[in-house]
$ cat entry22.cif   # mmCIF, C-alpha atoms
data_protein
loop_
_atom_site.label_atom_id
_atom_site.label_comp_id
_atom_site.auth_asym_id
_atom_site.auth_seq_id
_atom_site.Cartn_x
_atom_site.Cartn_y
_atom_site.Cartn_z
CA SER E 1 -3.20 137.03 184.44
CA ILE E 2 -5.08 133.86 183.45
CA MET E 3 -2.89 131.73 185.73
CA TYR E 4 -3.54 134.10 188.62
CA GLU E 5 -7.31 133.98 188.09
CA ALA E 6 -7.14 130.19 187.79
CA SER E 7 -5.29 129.92 191.11
CA GLN E 8 -7.93 132.16 192.71
CA ALA E 9 -10.71 129.95 191.35
CA ILE E 10 -8.95 126.82 192.62
CA SER E 11 -8.63 128.39 196.08
CA HIS E 12 -12.25 129.49 196.39
CA ILE E 13 -14.45 127.10 194.39
CA LEU E 14 -15.03 123.79 196.20
CA ASP E 15 -17.49 122.17 193.79
CA ILE E 16 -15.54 120.29 191.10
CA ASP E 17 -18.07 120.88 188.29
CA GLN E 18 -18.19 124.62 188.99
CA LEU E 19 -14.40 124.77 189.17
CA LEU E 20 -13.90 123.02 185.84
CA ASP E 21 -16.49 125.26 184.16
CA ARG E 22 -14.58 128.27 185.48
CA ILE E 23 -11.27 126.82 184.21
CA LEU E 24 -12.69 126.44 180.71
CA GLU E 25 -14.07 129.97 180.82
CA LEU E 26 -10.60 131.33 181.68
CA ILE E 27 -8.91 129.22 179.02
CA PHE E 28 -11.26 130.53 176.33
CA ARG E 29 -10.24 134.08 177.25
CA SER E 30 -6.63 133.33 176.31
CA ILE E 31 -6.70 130.44 173.86
CA PRO E 32 -8.79 130.94 170.66
CA ALA E 33 -10.46 127.52 170.64
CA ASP E 34 -13.80 126.88 168.98
CA ARG E 35 -14.68 124.08 171.39
CA GLY E 36 -13.30 122.77 174.64
CA CYS E 37 -13.97 120.10 177.21
CA ILE E 38 -12.49 118.58 180.35
CA LEU E 39 -12.81 114.84 180.79
CA LEU E 40 -12.01 112.98 184.02
CA LEU E 41 -11.22 109.31 184.43
CA HIS E 42 -13.81 107.42 186.46
CA PRO E 43 -12.03 105.96 189.52
CA ASP E 44 -13.62 102.51 189.09
CA THR E 45 -14.01 101.98 185.33
CA ALA E 46 -11.17 104.24 184.09
CA ALA E 47 -13.60 105.50 181.43
CA LEU E 48 -13.39 109.17 180.46
CA GLU E 49 -16.40 111.21 181.54
CA PRO E 50 -17.07 114.78 180.36
CA LYS E 51 -17.28 117.18 183.31
CA ALA E 52 -17.20 120.57 181.56
CA LEU E 53 -18.05 121.57 177.97
CA ARG E 54 -17.76 124.90 176.17
CA TRP E 55 -18.36 126.33 172.67
CA ARG E 56 -17.03 129.66 171.43
CA LYS E 57 -20.37 130.37 169.76
CA PRO E 58 -23.34 129.37 171.95
CA GLU E 59 -25.51 128.80 168.85
CA GLU E 60 -23.17 125.95 167.81
CA ARG E 61 -23.64 124.11 171.09
CA GLN E 62 -24.78 120.49 170.65
CA GLU E 63 -26.06 117.79 172.97
CA LYS E 64 -23.01 115.66 172.21
CA PHE E 65 -19.36 116.68 172.05
CA PRO E 66 -17.62 114.49 169.42
CA LEU E 67 -13.82 114.60 169.64
CA SER E 68 -10.78 112.75 168.39
CA ARG E 69 -10.29 109.73 170.62
CA THR E 70 -7.03 109.02 168.81
CA ILE E 71 -5.48 112.27 170.02
CA VAL E 72 -6.95 111.92 173.52
CA ASP E 73 -5.56 108.39 173.92
CA HIS E 74 -2.15 109.54 172.70
CA ALA E 75 -1.99 112.37 175.25
CA LEU E 76 -3.00 110.05 178.09
CA GLN E 77 -0.68 107.20 177.14
CA GLU E 78 2.37 109.36 176.47
CA ARG E 79 1.55 111.73 179.38
CA ILE E 80 2.50 114.74 177.26
CA GLY E 81 0.68 117.75 175.90
CA VAL E 82 -0.16 117.55 172.20
CA LEU E 83 -0.39 120.48 169.78
CA VAL E 84 -1.80 119.54 166.38
CA SER E 85 -1.72 122.31 163.78
CA ASP E 86 -3.23 120.40 160.85
CA ALA E 87 -4.94 117.30 162.20
CA ALA E 88 -5.98 115.89 158.80
CA HIS E 89 -2.36 115.76 157.58
CA ASP E 90 -0.52 115.01 160.85
CA GLU E 91 1.25 111.64 160.38
CA ARG E 92 0.80 110.80 164.08
CA PHE E 93 -2.98 110.78 163.76
CA SER E 94 -3.63 110.16 160.07
CA SER E 95 -5.40 106.89 160.91
CA GLY E 96 -8.00 108.66 163.00
CA GLN E 97 -11.16 108.76 160.87
CA SER E 98 -12.98 110.97 163.40
CA ILE E 99 -10.55 113.82 162.64
CA ILE E 100 -11.69 114.01 159.02
CA GLN E 101 -15.35 113.26 159.74
CA LEU E 102 -15.59 115.99 162.39
CA GLY E 103 -13.64 118.53 160.37
CA ILE E 104 -11.13 118.99 163.19
CA ARG E 105 -8.35 121.37 162.13
CA GLU E 106 -6.28 122.21 165.21
CA VAL E 107 -6.10 120.48 168.58
CA ILE E 108 -4.54 121.09 171.96
CA CYS E 109 -4.90 118.07 174.21
CA VAL E 110 -3.02 117.85 177.52
CA PRO E 111 -3.21 115.26 180.29
CA MET E 112 -4.33 116.54 183.68
CA LYS E 113 -1.41 115.34 185.76
CA GLY E 114 -1.90 115.07 189.48
CA ARG E 115 0.74 114.23 192.05
CA HIS E 116 0.86 110.57 191.14
CA GLU E 117 -1.05 109.95 187.93
CA SER E 118 -3.13 111.51 185.21
CA ILE E 119 -6.77 111.99 186.21
CA GLY E 120 -8.15 113.20 182.87
CA VAL E 121 -7.53 115.44 179.88
CA LEU E 122 -8.11 119.02 178.76
CA TYR E 123 -9.17 119.04 175.09
CA LEU E 124 -9.43 122.11 172.81
CA ASP E 125 -9.89 122.27 169.05
CA THR E 126 -10.76 124.46 166.07
CA GLN E 127 -12.72 123.34 163.06
CA THR E 128 -11.86 125.97 160.46
CA LEU E 129 -8.72 127.16 158.66
CA HIS E 130 -7.97 130.84 159.32
CA ARG E 131 -6.55 133.44 156.98
CA ASP E 132 -3.91 134.46 159.51
CA ALA E 133 -2.17 131.08 159.22
CA ALA E 134 0.93 132.61 157.61
CA THR E 135 1.63 134.79 160.64
CA SER E 136 1.07 132.03 163.22
CA LYS E 137 4.05 130.41 164.96
CA THR E 138 2.81 127.00 163.90
CA GLY E 139 2.33 128.07 160.34
CA PHE E 140 -1.26 126.88 160.17
CA GLY E 141 -3.80 128.47 162.51
CA LYS E 142 -4.69 129.90 165.87
CA PHE E 143 -2.89 127.63 168.35
CA THR E 144 0.70 128.34 169.36
CA GLU E 145 3.32 126.77 171.60
CA ASP E 146 2.52 129.46 174.17
CA HIS E 147 -1.11 128.32 174.17
CA LEU E 148 0.04 124.74 174.72
CA ALA E 149 2.26 125.78 177.63
CA LEU E 150 -0.60 127.70 179.24
CA ALA E 151 -2.99 124.76 178.82
CA ILE E 152 -0.45 122.39 180.40
CA ALA E 153 0.04 124.69 183.40
CA ILE E 154 -3.66 125.27 184.03
CA ALA E 155 -4.51 121.59 183.53
CA HIS E 156 -1.90 120.63 186.12
CA GLN E 157 -3.28 123.11 188.68
CA ALA E 158 -6.83 121.91 188.03
CA ALA E 159 -5.72 118.28 188.42
CA LEU E 160 -4.16 119.03 191.81
CA ALA E 161 -7.39 120.72 192.92
CA VAL E 162 -9.53 117.77 191.78
CA GLU E 163 -7.18 115.34 193.52
CA GLU E 164 -7.37 117.37 196.72
CA THR E 165 -11.17 117.40 196.57
CA HIS E 166 -11.33 113.65 196.01
CA TYR E 167 -8.92 113.12 198.90
CA HIS E 168 -11.02 115.36 201.16
CA HIS E 169 -14.21 113.49 200.24
CA ALA E 170 -12.48 110.17 200.93
CA MET E 171 -11.32 111.43 204.33
CA VAL E 172 -14.83 112.66 205.20
CA GLN E 173 -16.29 109.31 204.16
CA ALA E 174 -13.69 107.46 206.25
CA GLU E 175 -14.48 109.67 209.25
CA ARG E 176 -18.20 109.02 208.79
CA LEU E 177 -17.64 105.27 208.64
CA ALA E 178 -15.43 105.46 211.74
CA ALA E 179 -18.10 107.49 213.56
CA ILE E 180 -20.76 104.97 212.52
CA GLY E 181 -18.56 102.15 213.81
CA GLN E 182 -17.98 103.91 217.13
CA THR E 183 -21.70 104.66 217.46
CA ILE E 184 -22.66 101.05 216.74
CA ALA E 185 -20.08 99.82 219.27
CA ALA E 186 -21.33 102.22 221.94
CA LEU E 187 -24.98 101.40 221.25
CA SER E 188 -24.24 97.67 221.30
CA HIS E 189 -22.62 98.07 224.70
CA HIS E 190 -25.62 99.93 226.15
CA ILE E 191 -28.19 97.64 224.54
CA LYS E 192 -26.29 94.59 225.80
CA ASN E 193 -26.47 95.93 229.37
CA ILE E 194 -30.19 96.62 229.02
CA LEU E 195 -30.83 93.16 227.59
CA GLN E 196 -28.91 91.60 230.45
CA GLY E 197 -31.19 93.47 232.85
CA LEU E 198 -34.27 92.31 230.95
CA ARG E 199 -33.02 88.72 230.97
CA SER E 200 -32.34 88.88 234.70
CA GLY E 201 -35.80 90.30 235.38
CA SER E 202 -37.49 87.72 233.17
CA GLU E 203 -35.62 84.87 234.90
CA ILE E 204 -36.73 86.10 238.35
CA LEU E 205 -40.26 86.57 237.00
CA LYS E 206 -40.23 83.01 235.64
CA MET E 207 -39.02 81.64 238.98
CA GLY E 208 -41.76 83.52 240.81
CA MET E 209 -44.47 82.26 238.47
CA LYS E 210 -43.19 78.70 238.70
CA GLY E 211 -43.10 78.76 242.51
CA LYS E 212 -46.15 81.04 242.77
CA ASN E 213 -43.99 83.48 244.76
CA ASP E 214 -45.55 86.94 244.59
CA HIS E 215 -42.41 88.59 245.98
CA LEU E 216 -40.23 87.20 243.17
CA ILE E 217 -42.87 88.08 240.59
CA GLN E 218 -42.93 91.71 241.73
CA GLN E 219 -39.13 91.86 241.91
CA GLY E 220 -38.72 90.45 238.41
CA TRP E 221 -41.37 92.77 237.01
CA ARG E 222 -39.69 95.83 238.58
CA ILE E 223 -36.37 94.90 236.96
CA ALA E 224 -38.01 94.29 233.56
CA GLU E 225 -40.00 97.53 233.81
CA LYS E 226 -36.88 99.51 234.74
CA ASN E 227 -35.01 98.21 231.71
CA GLN E 228 -37.97 98.89 229.43
CA GLY E 229 -37.70 102.49 230.61
CA LYS E 230 -34.00 102.47 229.74
CA ILE E 231 -34.79 101.33 226.20
CA TYR E 232 -37.36 104.12 225.83
CA ASP E 233 -34.94 106.74 227.17
CA LEU E 234 -32.15 105.54 224.87
CA VAL E 235 -34.35 105.69 221.77
CA MET E 236 -35.75 109.11 222.66
CA ASP E 237 -32.27 110.50 223.34
CA MET E 238 -31.03 109.15 220.01
CA LEU E 239 -33.94 110.76 218.17
CA ASN E 240 -33.50 114.08 219.95
CA TYR E 241 -29.75 114.14 219.35
CA SER E 242 -29.84 113.16 215.68
CA LYS E 243 -32.84 115.21 214.54
CA GLU E 244 -32.42 118.85 213.62
CA ARG E 245 -35.38 120.76 214.96
CA VAL E 246 -36.54 124.31 215.49
CA PRO E 247 -37.95 124.79 219.02
CA ALA E 248 -41.69 125.48 219.25
CA VAL E 249 -41.22 128.80 221.02
CA GLU E 250 -43.90 130.19 223.31
CA PRO E 251 -44.00 132.30 226.49
CA THR E 252 -42.60 130.03 229.21
CA ASP E 253 -42.41 130.36 233.00
CA LEU E 254 -39.16 128.65 233.99
CA ASN E 255 -40.20 128.55 237.64
CA GLU E 256 -43.15 126.38 236.64
CA VAL E 257 -40.85 124.09 234.65
CA VAL E 258 -38.57 123.72 237.69
CA LYS E 259 -41.55 122.98 239.97
CA ASP E 260 -42.75 120.25 237.60
CA ILE E 261 -39.28 118.65 237.53
CA TYR E 262 -39.21 118.80 241.33
CA GLU E 263 -42.55 117.02 241.62
CA LEU E 264 -41.48 114.34 239.14
CA LEU E 265 -38.16 113.54 240.80
CA ALA E 266 -39.01 114.10 244.47
CA PRO E 267 -40.20 110.47 244.99
CA ARG E 268 -37.02 109.12 243.43
CA ALA E 269 -34.85 111.44 245.52
CA LYS E 270 -36.68 110.36 248.67
CA GLU E 271 -36.18 106.70 247.76
CA LEU E 272 -32.42 107.30 247.46
CA ASN E 273 -32.36 109.42 250.63
CA VAL E 274 -31.32 112.51 248.63
CA LYS E 275 -32.37 115.97 249.82
CA LEU E 276 -33.88 117.69 246.78
CA ALA E 277 -34.50 121.42 247.20
CA MET E 278 -35.76 124.36 245.12
CA ASN E 279 -34.47 127.93 245.23
CA LEU E 280 -36.60 130.01 242.87
CA THR E 281 -36.28 133.70 242.03
CA GLU E 282 -39.57 135.53 242.39
CA HIS E 283 -40.92 137.61 239.51
CA LEU E 284 -38.65 135.85 237.02
CA PRO E 285 -39.28 137.21 233.50
CA ILE E 286 -41.26 135.06 231.08
CA VAL E 287 -38.90 133.68 228.43
CA GLN E 288 -39.52 132.76 224.80
CA ALA E 289 -38.69 129.05 224.76
CA ASP E 290 -39.93 125.56 223.96
CA PRO E 291 -41.23 124.38 227.36
CA GLU E 292 -41.11 120.69 226.43
CA GLY E 293 -37.51 120.95 225.23
CA ILE E 294 -36.35 122.86 228.32
CA HIS E 295 -38.25 120.39 230.50
CA ARG E 296 -36.42 117.44 228.93
CA ALA E 297 -33.01 119.12 229.18
CA LEU E 298 -33.49 120.06 232.84
CA LEU E 299 -34.91 116.64 233.67
CA ASN E 300 -31.70 115.04 232.33
CA ILE E 301 -29.48 117.37 234.38
CA VAL E 302 -31.37 117.01 237.68
CA ALA E 303 -31.73 113.22 237.29
CA ASN E 304 -27.97 113.00 236.67
CA ALA E 305 -27.31 115.08 239.79
CA ILE E 306 -29.47 112.78 241.93
CA ASP E 307 -27.61 109.74 240.56
CA ALA E 308 -24.27 111.45 241.25
CA VAL E 309 -24.95 112.04 244.97
CA GLU E 310 -26.57 108.69 245.67
CA ASP E 311 -23.59 107.25 247.57
CA ARG E 312 -22.36 110.51 249.12
CA PRO E 313 -22.77 111.43 252.80
CA ASN E 314 -25.65 113.90 253.27
CA PRO E 315 -26.56 113.85 249.56
CA GLN E 316 -28.09 117.13 248.37
CA VAL E 317 -29.30 118.53 245.06
CA THR E 318 -30.60 122.08 244.64
CA VAL E 319 -32.28 123.42 241.52
CA GLY E 320 -33.02 127.12 241.22
CA THR E 321 -33.62 130.02 238.85
CA ARG E 322 -31.64 133.25 238.56
CA LEU E 323 -31.92 136.49 236.64
CA ALA E 324 -28.52 136.83 234.99
CA GLU E 325 -27.05 139.69 232.98
CA GLU E 326 -29.45 141.82 230.97
CA GLY E 327 -31.54 139.73 228.63
CA TRP E 328 -30.61 136.36 230.14
CA VAL E 329 -31.90 133.94 232.78
CA ARG E 330 -30.27 130.89 234.30
CA ILE E 331 -31.38 127.60 235.77
CA VAL E 332 -28.75 126.38 238.24
CA VAL E 333 -28.40 122.77 239.40
CA LEU E 334 -26.04 122.19 242.35
CA ASP E 335 -24.98 118.89 243.86
CA ASN E 336 -22.44 117.72 246.42
CA GLY E 337 -21.48 114.64 244.44
CA PRO E 338 -18.00 113.32 243.66
CA GLY E 339 -17.36 116.05 241.08
CA ILE E 340 -15.77 115.76 237.66
CA ALA E 341 -12.02 115.87 237.06
CA ALA E 342 -10.77 118.81 234.97
CA GLN E 343 -9.53 116.52 232.19
CA GLN E 344 -13.00 114.94 231.88
CA LEU E 345 -14.99 118.16 231.64
CA GLY E 346 -14.33 118.48 227.91
CA GLU E 347 -15.64 114.95 227.32
CA ILE E 348 -18.95 114.85 229.20
CA PHE E 349 -20.93 116.50 226.38
CA LYS E 350 -19.71 114.01 223.77
CA PRO E 351 -22.17 111.29 222.69
CA PHE E 352 -21.96 107.96 224.52
CA VAL E 353 -19.56 109.27 227.17
CA SER E 354 -21.12 108.45 230.55
CA THR E 355 -19.77 108.82 234.08
CA LYS E 356 -22.49 106.47 235.34
CA GLY E 357 -21.12 103.32 233.75
CA SER E 358 -23.79 100.90 232.57
CA ARG E 359 -26.54 102.98 234.22
CA GLY E 360 -26.23 105.81 231.70
CA THR E 361 -26.73 106.02 227.93
CA GLY E 362 -24.14 108.75 227.42
CA LEU E 363 -26.68 110.83 225.48
CA GLY E 364 -28.43 112.81 228.23
CA LEU E 365 -25.93 115.67 228.44
CA PRO E 366 -25.34 115.98 224.65
CA VAL E 367 -29.12 116.08 224.09
CA SER E 368 -29.57 118.70 226.82
CA ARG E 369 -26.83 120.95 225.45
CA LYS E 370 -28.23 120.56 221.92
CA ILE E 371 -31.67 121.71 223.13
CA LEU E 372 -30.21 124.76 224.88
CA ARG E 373 -28.12 125.71 221.83
CA GLU E 374 -31.18 125.38 219.60
CA HIS E 375 -32.61 128.17 221.78
CA GLY E 376 -29.50 130.33 221.39
CA GLY E 377 -28.37 129.39 224.92
CA ASP E 378 -25.95 126.87 226.37
CA ILE E 379 -25.03 124.69 229.34
CA VAL E 380 -21.93 125.54 231.37
CA VAL E 381 -20.49 123.21 233.98
CA GLN E 382 -18.22 123.97 236.92
CA SER E 383 -16.96 121.14 239.09
CA GLN E 384 -14.40 120.17 241.69
CA VAL E 385 -13.52 116.62 242.66
CA ASN E 386 -14.93 115.55 246.07
CA VAL E 387 -16.80 118.85 246.40
CA GLY E 388 -19.58 118.86 243.81
CA SER E 389 -20.76 120.18 240.49
CA LYS E 390 -22.71 123.16 239.22
CA PHE E 391 -24.62 123.01 235.94
CA VAL E 392 -25.90 126.32 234.58
CA LEU E 393 -28.54 126.35 231.83
CA LYS E 394 -28.33 129.79 230.19
CA LEU E 395 -31.32 131.04 228.20
CA PRO E 396 -32.04 134.34 226.45
CA ILE E 397 -35.29 135.98 227.54
CA LYS E 398 -36.09 136.79 223.93
CA SER E 399 -35.74 134.22 221.17
CA MET E 400 -32.22 134.11 219.71
CA LEU E 401 -32.53 131.00 217.57
CA SER E 402 -30.23 132.35 214.85
CA ALA E 403 -27.45 133.29 217.24
CA ASP E 404 -24.37 131.17 217.50
CA MET E 405 -23.84 130.71 221.21
CA SER E 406 -21.32 127.90 221.01
CA ALA E 407 -19.45 127.42 224.26
CA THR E 408 -15.71 127.87 224.34
CA SER E 409 -13.32 125.59 226.12
CA ALA E 410 -13.18 128.18 228.89
CA ASP E 411 -16.78 127.25 229.75
CA MET E 412 -15.64 123.82 230.85
CA ILE E 413 -12.71 124.35 233.21
CA ALA E 414 -12.40 123.33 236.81
CA THR E 415 -13.41 126.13 239.19
CA PRO E 416 -13.57 126.71 242.92
CA PRO E 417 -16.33 124.83 244.80
CA PRO E 418 -19.81 125.78 243.57
CA GLU E 419 -21.61 128.20 245.83
CA ALA E 420 -25.22 127.99 246.92
CA ASN E 421 -26.10 131.20 245.08
#
$ encode --input "entry22.cif" --output "structure tokens"
Amino acid sequence: SIMYEASQAISHILDIDQLLDRILELIFRSIPADRGCILLLHPDTAALEPKALRWRKPEERQEKFPLSRTIVDHALQERIGVLVSDAAHDERFSSGQSIIQLGIREVICVPMKGRHESIGVLYLDTQTLHRDAATSKTGFGKFTEDHLALAIAIAHQAALAVEETHYHHAMVQAERLAAIGQTIAALSHHIKNILQGLRSGSEILKMGMKGKNDHLIQQGWRIAEKNQGKIYDLVMDMLNYSKERVPAVEPTDLNEVVKDIYELLAPRAKELNVKLAMNLTEHLPIVQADPEGIHRALLNIVANAIDAVEDRPNPQVTVGTRLAEEGWVRIVVLDNGPGIAAQQLGEIFKPFVSTKGSRGTGLGLPVSRKILREHGGDIVVQSQVNVGSKFVLKLPIKSMLSADMSATSADMIATPPPEAN
């Protein structure tokens, strides 16, 4: 029964300190120890550190837990469980002064053996001689060979659990370091491109100032200003992606948000000879949303669409609103760009993955999806190579910030050509 409960604890308790406390609690239900502790070896110093302590009588609890280091060292060095029935007269430990000073009578001390090495010890003792000594299997007190066997078994299971937890933490740390390395590499690549642009602009600006050429001065300044904007966008995207935030929800007219995006990007679309159009649904319900967040997400999507169609014949981008199924609205962005291959659809929402080469930061789409999911919504993309792409921003009319609206892989599969509606 105790072994079963121990296995259940090992399966369900992830925190090592809580697990070891639970192990000691179970052991005390079966083994009549007065005191008990679990000590683990520190991975760097190899010093034993107490992780769980227990007294049979709470009133006897002390700040310190003195124990026989002689017996503990013996169990660790020999890698065997030790049962001591009369510690003061046991020839193996007669030199241990702490045994007499502490009044230790009986001891069970077993190494916590993992898969490869011992990671600590389980230590139990009694400090009084009991009247039932004559009936005990050991001939002296409470502890028996059965108690030793149980302690060995539970200590081994606990050791495996601790090892597994340490391994998991090491793997998580390695993954974090790898992610940091990948992030630094990606950021370095983008920052290098921006700095190259700044250097180019500054060189042209210097040439213009030296030759008093207003045309070169304006050209150099435009390049420098453009790359300053890239730095700002990169920093803002990084902040938005990394920071957990709760949207500042208020009644929001999505048609007004779309109109504002249209006015902002219309000059750029005209400069690139892109036909930018709106297709708004009248009497669209007011939604509970963060207008600034939705504005930023939609701005990223529409700006990406304009960039995507720049080199296409008859480039067109349409942004519109739709009343979807009950309780939902959609903002739809259509373009006739080159499209996205099916195998790339699952990658476009990952940080630092950009289809625009050095022109993109690779954070626009992840930030946009994060904003929509903070609202309880999502972004779904449909695309076909050489036909175009359709990005759908789905939003609940009422706030659903606690809902988990994570998209499935089915949201990101290649579909037939996007339709105008």
$ resolve_selection --input "entry22.cif" --expression "the PyMOL selection byres ((chain E and resi 2) around 9)" --output "mmCIF file with C-alpha atoms, in the frame of the given file"
data_model
loop_
_atom_site.group_PDB
_atom_site.id
_atom_site.type_symbol
_atom_site.label_atom_id
_atom_site.label_comp_id
_atom_site.auth_asym_id
_atom_site.auth_seq_id
_atom_site.Cartn_x
_atom_site.Cartn_y
_atom_site.Cartn_z
ATOM 1 C CA SER E 1 -3.200 137.030 184.440
ATOM 2 C CA MET E 3 -2.890 131.730 185.730
ATOM 3 C CA TYR E 4 -3.540 134.100 188.620
ATOM 4 C CA GLU E 5 -7.310 133.980 188.090
ATOM 5 C CA ALA E 6 -7.140 130.190 187.790
ATOM 6 C CA SER E 7 -5.290 129.920 191.110
ATOM 7 C CA LEU E 26 -10.600 131.330 181.680
ATOM 8 C CA ILE E 27 -8.910 129.220 179.020
ATOM 9 C CA ARG E 29 -10.240 134.080 177.250
ATOM 10 C CA SER E 30 -6.630 133.330 176.310
ATOM 11 C CA LEU E 150 -0.600 127.700 179.240
ATOM 12 C CA ILE E 154 -3.660 125.270 184.030
#
$ resolve_selection --input "entry22.cif" --expression "the PyMOL selection byres ((chain E and resi 316-325) around 7)" --output "mmCIF file with C-alpha atoms, in the coordinates of the input"
data_model
loop_
_atom_site.group_PDB
_atom_site.id
_atom_site.type_symbol
_atom_site.label_atom_id
_atom_site.label_comp_id
_atom_site.auth_asym_id
_atom_site.auth_seq_id
_atom_site.Cartn_x
_atom_site.Cartn_y
_atom_site.Cartn_z
ATOM 1 C CA ASN E 255 -40.200 128.550 237.640
ATOM 2 C CA VAL E 274 -31.320 112.510 248.630
ATOM 3 C CA LYS E 275 -32.370 115.970 249.820
ATOM 4 C CA LEU E 276 -33.880 117.690 246.780
ATOM 5 C CA ALA E 277 -34.500 121.420 247.200
ATOM 6 C CA MET E 278 -35.760 124.360 245.120
ATOM 7 C CA ASN E 279 -34.470 127.930 245.230
ATOM 8 C CA LEU E 280 -36.600 130.010 242.870
ATOM 9 C CA THR E 281 -36.280 133.700 242.030
ATOM 10 C CA LEU E 284 -38.650 135.850 237.020
ATOM 11 C CA ALA E 305 -27.310 115.080 239.790
ATOM 12 C CA ILE E 306 -29.470 112.780 241.930
ATOM 13 C CA VAL E 309 -24.950 112.040 244.970
ATOM 14 C CA ASN E 314 -25.650 113.900 253.270
ATOM 15 C CA PRO E 315 -26.560 113.850 249.560
ATOM 16 C CA GLU E 326 -29.450 141.820 230.970
ATOM 17 C CA GLY E 327 -31.540 139.730 228.630
ATOM 18 C CA TRP E 328 -30.610 136.360 230.140
ATOM 19 C CA VAL E 329 -31.900 133.940 232.780
ATOM 20 C CA ARG E 330 -30.270 130.890 234.300
ATOM 21 C CA ILE E 331 -31.380 127.600 235.770
ATOM 22 C CA VAL E 332 -28.750 126.380 238.240
ATOM 23 C CA VAL E 333 -28.400 122.770 239.400
ATOM 24 C CA LEU E 334 -26.040 122.190 242.350
ATOM 25 C CA ASP E 335 -24.980 118.890 243.860
ATOM 26 C CA ASN E 336 -22.440 117.720 246.420
#
$ closest_residue --input "entry22.cif" --among "E:Ala161, E:Leu216, E:Leu299, E:Ala151" --to "Asp17 (chain E)" --atoms "only C-alpha atoms"
E:Ala161
$ atom_distance --input "entry22.cif" --atom1 "CA of Glu256 (chain E)" --atom2 "CA of Leu365 (chain E)"
21.9 Å
$ atom_distance --input "entry22.cif" --atom1 "CA of Gln157 (chain E)" --atom2 "CA of Arg22 (chain E)"
12.8 Å
$ closest_residue --input "entry22.cif" --among "E:Ile184, E:Asn213, E:Gln228, E:Ala297" --to "Gly201 (chain E)" --atoms "only C-alpha atoms"
E:Gln228
$ residues_around --input "entry22.cif" --residues "Leu76 (chain E)" --least-positions-apart "3" --cutoff "10 Å" --atoms "all atoms listed in the file" --output "VMD selection string"
chain E and resid 71 to 73 79 to 82 109 to 113 118 to 121
$ closest_residue --input "entry22.cif" --among "E:Ile191, E:Val367, E:Leu41, E:Val162" --to "Arg296 (chain E)" --atoms "only C-alpha atoms"
E:Val367
$ resolve_selection --input "entry22.cif" --expression "the PyMOL selection byres ((chain E and resi 391-393) around 8)" --output "ChimeraX atom specification"
/E:301,330-334,372,377-382,389-390,394-395
$ atom_distance --input "entry22.cif" --atom1 "CA of Gly114 (chain E)" --atom2 "CA of Arg69 (chain E)"
21.3 Å
$ closest_residue --input "entry22.cif" --among "E:Gly141, E:Gly181, E:Pro247, E:Pro285" --to "Leu83 (chain E)" --atoms "only C-alpha atoms"
E:Gly141
$ axis_aligned_box --input "entry22.cif" --around "region 231-235 of chain E" --padding-each-side "3 Å" --output "AutoDock Vina command-line options"
--center_x -34.8 --center_y 104.0 --center_z 224.5 --size_x 11.2 --size_y 11.4 --size_z 11.4
$ residues_near_point --input "entry22.cif" --point "(-5.2, 119.9, 168.0)" --cutoff "9 Å" --atoms "only C-alpha atoms" --output "PyMOL selection string"
chain E and resi 71+82-87+104-109+123-126+143
$ residues_around --input "entry22.cif" --residues "Thr252 (chain E)" --least-positions-apart "3" --cutoff "8 Å" --atoms "all atoms listed in the file" --output "list in words"
Ile286, Val287, Gln288, Ala289, Asp290 and Pro291 of chain E
